[in-house]
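Notes follow the structure.
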Amino acid sequence: MARRVLAIGECMVELSSAGDGLLRQGFAGDTFNTAWYLRHCLPADWTVDYLSAVGTDALSDQMLAFMQASGIGTAHVAQRAETTVGIYLISLQNGERSFSYWRDSSAARRLADDPVALAHGLAGAALVVFSGITLAILPASGRAALLAAVAQARSNGALVAFDPNMRARLWPEVAELRHWVTAAARGADIVLPSFDEDARVFGDASPSVTIARYRALGVGCVVVKNGGGMVETWEGSACEMQPAPQSVVDSTAAGDSFNAGFLAARMQGASMPESLQQGAALAAQVIAAPGALIAPKKLTPP
C-alpha cells in the first residue's frame with residue numbers, strides 16, 4: 001500500500017492573544033491541522049501532502065515555509081497571483097473559541113480550478129482527507145470538480161475520509177449546505193461528524209440518528225464526535241467510547257486532532273477501540289494548550 005496522505009483545504013493565518021493587547025501569528029485551518037497532526041502521528045516512511053492554493057505575497061511565502069518546515073509536502077499547493085491567504089482571529093471565553101474571519105481574497109477558493117493539477121495531486125494517495133469547509137469556500141463548479149476527482153482517486157484505491165465540519169455562515173442557505181455535505185459523504189469511506197453540528201443542520205435527535213443517516217448513504221465507517229462526551233461509531237457493528245474528563249484551555253482543533261489520531265491509527269491497522277483511544281488521547285493534549293497546533297507528546301503506537 002502507498003504510504004501517502006493527501007489533505008485538501010485551506011490553511012489560514014491564525015491570530016491569537018499573546019497578552020497585553022498583543023497578537024501571536026500562526027498558521028492553521030481544519031484540514032491543515034489534521035495534516036499537521038497526522039505528520040506527528042505517522043511513521044517517517046509515510047508522506048503527508050497538502051493540496052491548496054496561496055498567493056505570491058510574503059505572507060503566502062511564510063505559510064509555505066511553515067508547511068515545509070513541518071514536514072508537509074507543498075508540491076500541490078498552487079501559487080496564484082493577485083490573491084493572498086485568509087486570516088482569522090480567535091476569541092476565547094471559558095476555553096470555548098469564536099472566530100472572526102477575513103478570507104474573501106483567499107487563493108484557496110481556487111484550489112479546484114485546474115482539474116489536471118487536482119488529479120495529479122490525488123494520484124497515488126492511500127488516504128484523502130477533506131471537509132465541509134473545503135467545499136464551502138469553493139464555487140459550485142469547484143465543489144463538483146473536487147468531488148469528481150476524489151471519486152476517481154477512490155476508484156483507484158484511495159481511502160476517503162470526510163469531516164462534514166459545517167459552518168453555516170460560509171453557505172448562502174442551509175439547503176445548499178445539506179446538499180453538498182450529503183454528496184461528499186456519499187463518496188466517502190469514513191465520515192467524522194460532530195453531533196452538535198449535525199443536530200443543528202440536519203435535526204438529528206441523537207448520535208445514533210446521525211450514524212443511521214450516514215449509513216443510509218453507504219458510508220462504511222462513521223465516527224460521531226460528541227464534544228467532550230461519548231464518541232459513537234459504526235463499522236459493521238456499534239462501538240462507543242467515553243473519553244476521560246479533560247480541562248479545556250482552548251478547544252481549537254479538538255476535532256481536527258482527534259481525526260488525525262484516529263486516522264493514523266486506522267491506517268496502521270489498529271482496531272476501532274484502539275483508534276478511538278488514540279484520537280481521544282491526542283485531542284486531550286491539544287485542548288489543554290492554547291492555539292490550534294501544539295507539539296504533542298508521543299502517543300503509544302496502535
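Residues in the C-alpha cells are numbered from 1 in each chain, the chains being A, B, ... in the order shown, and ligands are numbered from 1 in the order shown.
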Legend entry - Nearby residues (only C-alpha atoms) at most 12 Å from Ser100 in chain A, same-chain spacing under 4 positions excluded, as a list in words: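 Non-adjacent residues within range: Val13, Glu14, Leu15, Ser16, Gly86, Ile87, Tyr88, Leu89, Ile90, Ser91, Leu92 and Arg169 of chain A.
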Would you export the selected residues with C-alpha atoms as a compact mmCIF listing (two decimals), in the first residue's frame, please?
```
# COMPACT_ATOMS: atom_id res chain seq x y z
CA VAL A 13 -3.13 32.87 9.17
CA GLU A 14 -4.18 32.37 12.79
CA LEU A 15 -4.12 35.33 15.16
CA SER A 16 -4.50 34.62 18.88
CA GLY A 86 -7.17 34.08 4.62
CA ILE A 87 -6.82 35.34 8.19
CA TYR A 88 -8.82 34.50 11.30
CA LEU A 89 -8.75 35.82 14.87
CA ILE A 90 -9.51 33.53 17.83
CA SER A 91 -11.54 34.88 20.75
CA LEU A 92 -11.75 32.67 23.83
CA ARG A 169 -22.04 31.26 7.80
```
Sel. of strand (DSSP E or B) residues, range 47-277 of chain A, as a PDB file with C-alpha atoms, in the first residue's frame:
```pdb
ATOM      1  CA  THR A  47       4.324  11.130   3.259  1.00  0.00           C
ATOM      2  CA  VAL A  48       1.809  13.817   4.223  1.00  0.00           C
ATOM      3  CA  ASP A  49       0.971  16.323   1.471  1.00  0.00           C
ATOM      4  CA  TYR A  50      -1.366  19.299   1.350  1.00  0.00           C
ATOM      5  CA  LEU A  51      -3.385  20.408  -1.683  1.00  0.00           C
ATOM      6  CA  SER A  52      -4.472  24.027  -1.691  1.00  0.00           C
ATOM      7  CA  ALA A  53      -3.631  27.422  -3.193  1.00  0.00           C
ATOM      8  CA  VAL A  54      -1.904  30.508  -1.803  1.00  0.00           C
ATOM      9  CA  GLY A  73       4.638  18.411   1.229  1.00  0.00           C
ATOM     10  CA  THR A  74       3.708  21.553  -0.712  1.00  0.00           C
ATOM     11  CA  ALA A  75       4.164  20.363  -4.306  1.00  0.00           C
ATOM     12  CA  HIS A  76       0.385  20.548  -4.743  1.00  0.00           C
ATOM     13  CA  VAL A  77      -0.099  23.994  -3.211  1.00  0.00           C
ATOM     14  CA  ALA A  78      -0.528  26.323  -6.199  1.00  0.00           C
ATOM     15  CA  GLN A  79       0.614  29.942  -6.044  1.00  0.00           C
ATOM     16  CA  THR A  84      -3.373  36.030  -0.747  1.00  0.00           C
ATOM     17  CA  ILE A  87      -6.824  35.339   8.189  1.00  0.00           C
ATOM     18  CA  TYR A  88      -8.818  34.501  11.303  1.00  0.00           C
ATOM     19  CA  LEU A  89      -8.749  35.825  14.867  1.00  0.00           C
ATOM     20  CA  ILE A  90      -9.507  33.533  17.825  1.00  0.00           C
ATOM     21  CA  SER A  91     -11.543  34.884  20.750  1.00  0.00           C
ATOM     22  CA  LEU A  92     -11.755  32.666  23.827  1.00  0.00           C
ATOM     23  CA  GLN A  93     -14.294  32.525  26.640  1.00  0.00           C
ATOM     24  CA  GLU A  96     -14.545  27.853  24.002  1.00  0.00           C
ATOM     25  CA  ARG A  97     -13.494  29.718  20.912  1.00  0.00           C
ATOM     26  CA  SER A  98     -15.201  32.003  18.427  1.00  0.00           C
ATOM     27  CA  PHE A  99     -13.678  33.333  15.233  1.00  0.00           C
ATOM     28  CA  SER A 100     -13.552  36.489  13.146  1.00  0.00           C
ATOM     29  CA  TYR A 101     -12.586  35.858   9.514  1.00  0.00           C
ATOM     30  CA  TRP A 102     -11.013  37.783   6.624  1.00  0.00           C
ATOM     31  CA  SER A 106      -8.187  33.708  -0.257  1.00  0.00           C
ATOM     32  CA  LEU A 127      -5.735   8.349   2.258  1.00  0.00           C
ATOM     33  CA  VAL A 128      -7.547  11.501   1.120  1.00  0.00           C
ATOM     34  CA  VAL A 129      -8.861  13.907   3.769  1.00  0.00           C
ATOM     35  CA  PHE A 130     -11.196  16.848   3.147  1.00  0.00           C
ATOM     36  CA  SER A 131     -14.036  18.653   4.897  1.00  0.00           C
ATOM     37  CA  LEU A 159      -9.448   5.599   1.227  1.00  0.00           C
ATOM     38  CA  VAL A 160     -11.538   8.780   1.536  1.00  0.00           C
ATOM     39  CA  ALA A 161     -12.164  10.454   4.913  1.00  0.00           C
ATOM     40  CA  PHE A 162     -14.631  13.344   5.140  1.00  0.00           C
ATOM     41  CA  ASP A 163     -15.334  15.604   8.126  1.00  0.00           C
ATOM     42  CA  ILE A 190     -15.027   7.273   6.615  1.00  0.00           C
ATOM     43  CA  VAL A 191     -17.202  10.161   7.847  1.00  0.00           C
ATOM     44  CA  SER A 194     -19.631  16.324  15.189  1.00  0.00           C
ATOM     45  CA  CYS A 221     -17.330   3.799   8.877  1.00  0.00           C
ATOM     46  CA  VAL A 222     -18.995   6.621  10.832  1.00  0.00           C
ATOM     47  CA  VAL A 223     -17.380   8.215  13.897  1.00  0.00           C
ATOM     48  CA  VAL A 224     -19.580  10.725  15.708  1.00  0.00           C
ATOM     49  CA  LYS A 225     -17.736  13.139  17.979  1.00  0.00           C
ATOM     50  CA  VAL A 231     -17.802   9.026  20.809  1.00  0.00           C
ATOM     51  CA  GLU A 232     -20.128   6.686  18.955  1.00  0.00           C
ATOM     52  CA  THR A 233     -19.138   4.777  15.858  1.00  0.00           C
ATOM     53  CA  TRP A 234     -20.355   2.211  13.392  1.00  0.00           C
ATOM     54  CA  ALA A 238     -21.588  -0.306  17.048  1.00  0.00           C
ATOM     55  CA  CYS A 239     -18.731   0.886  19.266  1.00  0.00           C
ATOM     56  CA  GLU A 240     -18.795   3.526  21.983  1.00  0.00           C
ATOM     57  CA  MET A 241     -16.099   5.268  23.987  1.00  0.00           C
TER      58      MET A 241
END
```
Can you check which parts of range 168-208 of chain A lie within 10 Å of range 145-151 of chain A? Per residue, the shortest pair of atoms and distance in Å to one decimal, counting only C-alpha atoms, sorted by chain and number, as a tab-separated table.
```
residue	atom	partner	partner_atom	distance
A:Trp180	CA	A:Leu147	CA	9.5
A:Ala183	CA	A:Leu147	CA	8.2
A:Ala184	CA	A:Leu147	CA	6.7
A:Arg186	CA	A:Ala151	CA	10.0
A:Gly187	CA	A:Ala151	CA	6.4
A:Ala188	CA	A:Ala151	CA	8.4
```
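Distance-wise, CA of Tyr214 in chain A and CA of Pro172 in chain A end up 23.4 Å apart.
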Legend entry - Which residue of A:Ala35, A:Ile137, A:Ala81, A:Ala254 approaches Glu10 in chain A most closely, using only C-alpha atoms: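 Result for the nearest residue to Glu10 in chain A: A:Ile137.
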Legend entry - Distance query Arg213 in chain A at most 12 Å, only C-alpha atoms, self and fewer than 3 positions along chain excluded, as a ChimeraX atom specification: /A:181-182,185-186,191,193,198-199,202-210,216-220,222,224,234
Inset, instruction - Identify all residues of range 150-277 of chain A in helix (DSSP H, G or I) (DSSP on the backbone) and supply them as a ChimeraX atom specification. - result: /A:150-155,168-170,174-186,195-202,207-216,254-267,272-277
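The smallest atom-to-atom distance between Ala144 in chain A and any of A:Gly269, A:Gly71, A:Gly227, A:Pro115, using only C-alpha atoms, is found for A:Pro115.
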Legend entry - Among listed residues A:Glu274, A:Ile8, A:Ala112, A:Ala283, nearest Ala253 in chain A (using only C-alpha atoms):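 With only C-alpha atoms as the atom set, the closest residue is A:Ala283.
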Inset, instruction - Choose the residue, out of A:Ala125, A:Ala212, A:Leu38, A:Ala108, that has the smallest atom-to-atom separation from Phe258 in chain A; count only C-alpha atoms. - result: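 Comparing A:Ala125, A:Ala212, A:Leu38, A:Ala108 against Phe258 in chain A, the winner is A:Leu38.
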Can you list every residue of range 168-269 of chain A that has an atom at most 12 Å from range 17-30 of chain A, with its nearest atom pair and the distance in Å to one decimal, using only C-alpha atoms, ordered by chain then number, as JSON lines?
```
{"residue": "A:Asp250", "atom": "CA", "partner": "A:Ser17", "partner_atom": "CA", "distance": 11.7}
{"residue": "A:Thr252", "atom": "CA", "partner": "A:Asp30", "partner_atom": "CA", "distance": 9.4}
{"residue": "A:Ala253", "atom": "CA", "partner": "A:Asp30", "partner_atom": "CA", "distance": 6.9}
{"residue": "A:Ala254", "atom": "CA", "partner": "A:Asp30", "partner_atom": "CA", "distance": 9.8}
{"residue": "A:Gly255", "atom": "CA", "partner": "A:Asp30", "partner_atom": "CA", "distance": 8.6}
{"residue": "A:Asp256", "atom": "CA", "partner": "A:Asp30", "partner_atom": "CA", "distance": 5.9}
{"residue": "A:Ser257", "atom": "CA", "partner": "A:Asp30", "partner_atom": "CA", "distance": 9.1}
{"residue": "A:Phe258", "atom": "CA", "partner": "A:Asp30", "partner_atom": "CA", "distance": 11.4}
{"residue": "A:Asn259", "atom": "CA", "partner": "A:Asp30", "partner_atom": "CA", "distance": 10.1}
{"residue": "A:Ala260", "atom": "CA", "partner": "A:Asp30", "partner_atom": "CA", "distance": 10.8}
```
Go ahead and save the residues from that selection, with C-alpha atoms, as a short mmCIF file (atom, residue, chain, number, x, y, z; two decimals), in the first residue's frame.
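Result file is out_31.cif:
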```
data_model
loop_
_atom_site.label_atom_id
_atom_site.label_comp_id
_atom_site.auth_asym_id
_atom_site.auth_seq_id
_atom_site.Cartn_x
_atom_site.Cartn_y
_atom_site.Cartn_z
CA ASP A 250 -8.65 26.11 24.18
CA THR A 252 -9.45 24.98 18.82
CA ALA A 253 -8.54 21.95 16.64
CA ALA A 254 -10.04 19.44 19.07
CA GLY A 255 -11.93 17.66 16.30
CA ASP A 256 -9.12 18.07 13.76
CA SER A 257 -6.59 16.45 16.07
CA PHE A 258 -9.00 13.67 17.02
CA ASN A 259 -9.40 12.95 13.31
CA ALA A 260 -5.64 12.76 12.88
#
```
Inset, instruction - Figure out the distance between CA of Glu82 in chain A and CA of Asn33 in chain A, please, to one decimal in Å. - result: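 Those two atoms sit 25.7 Å apart.
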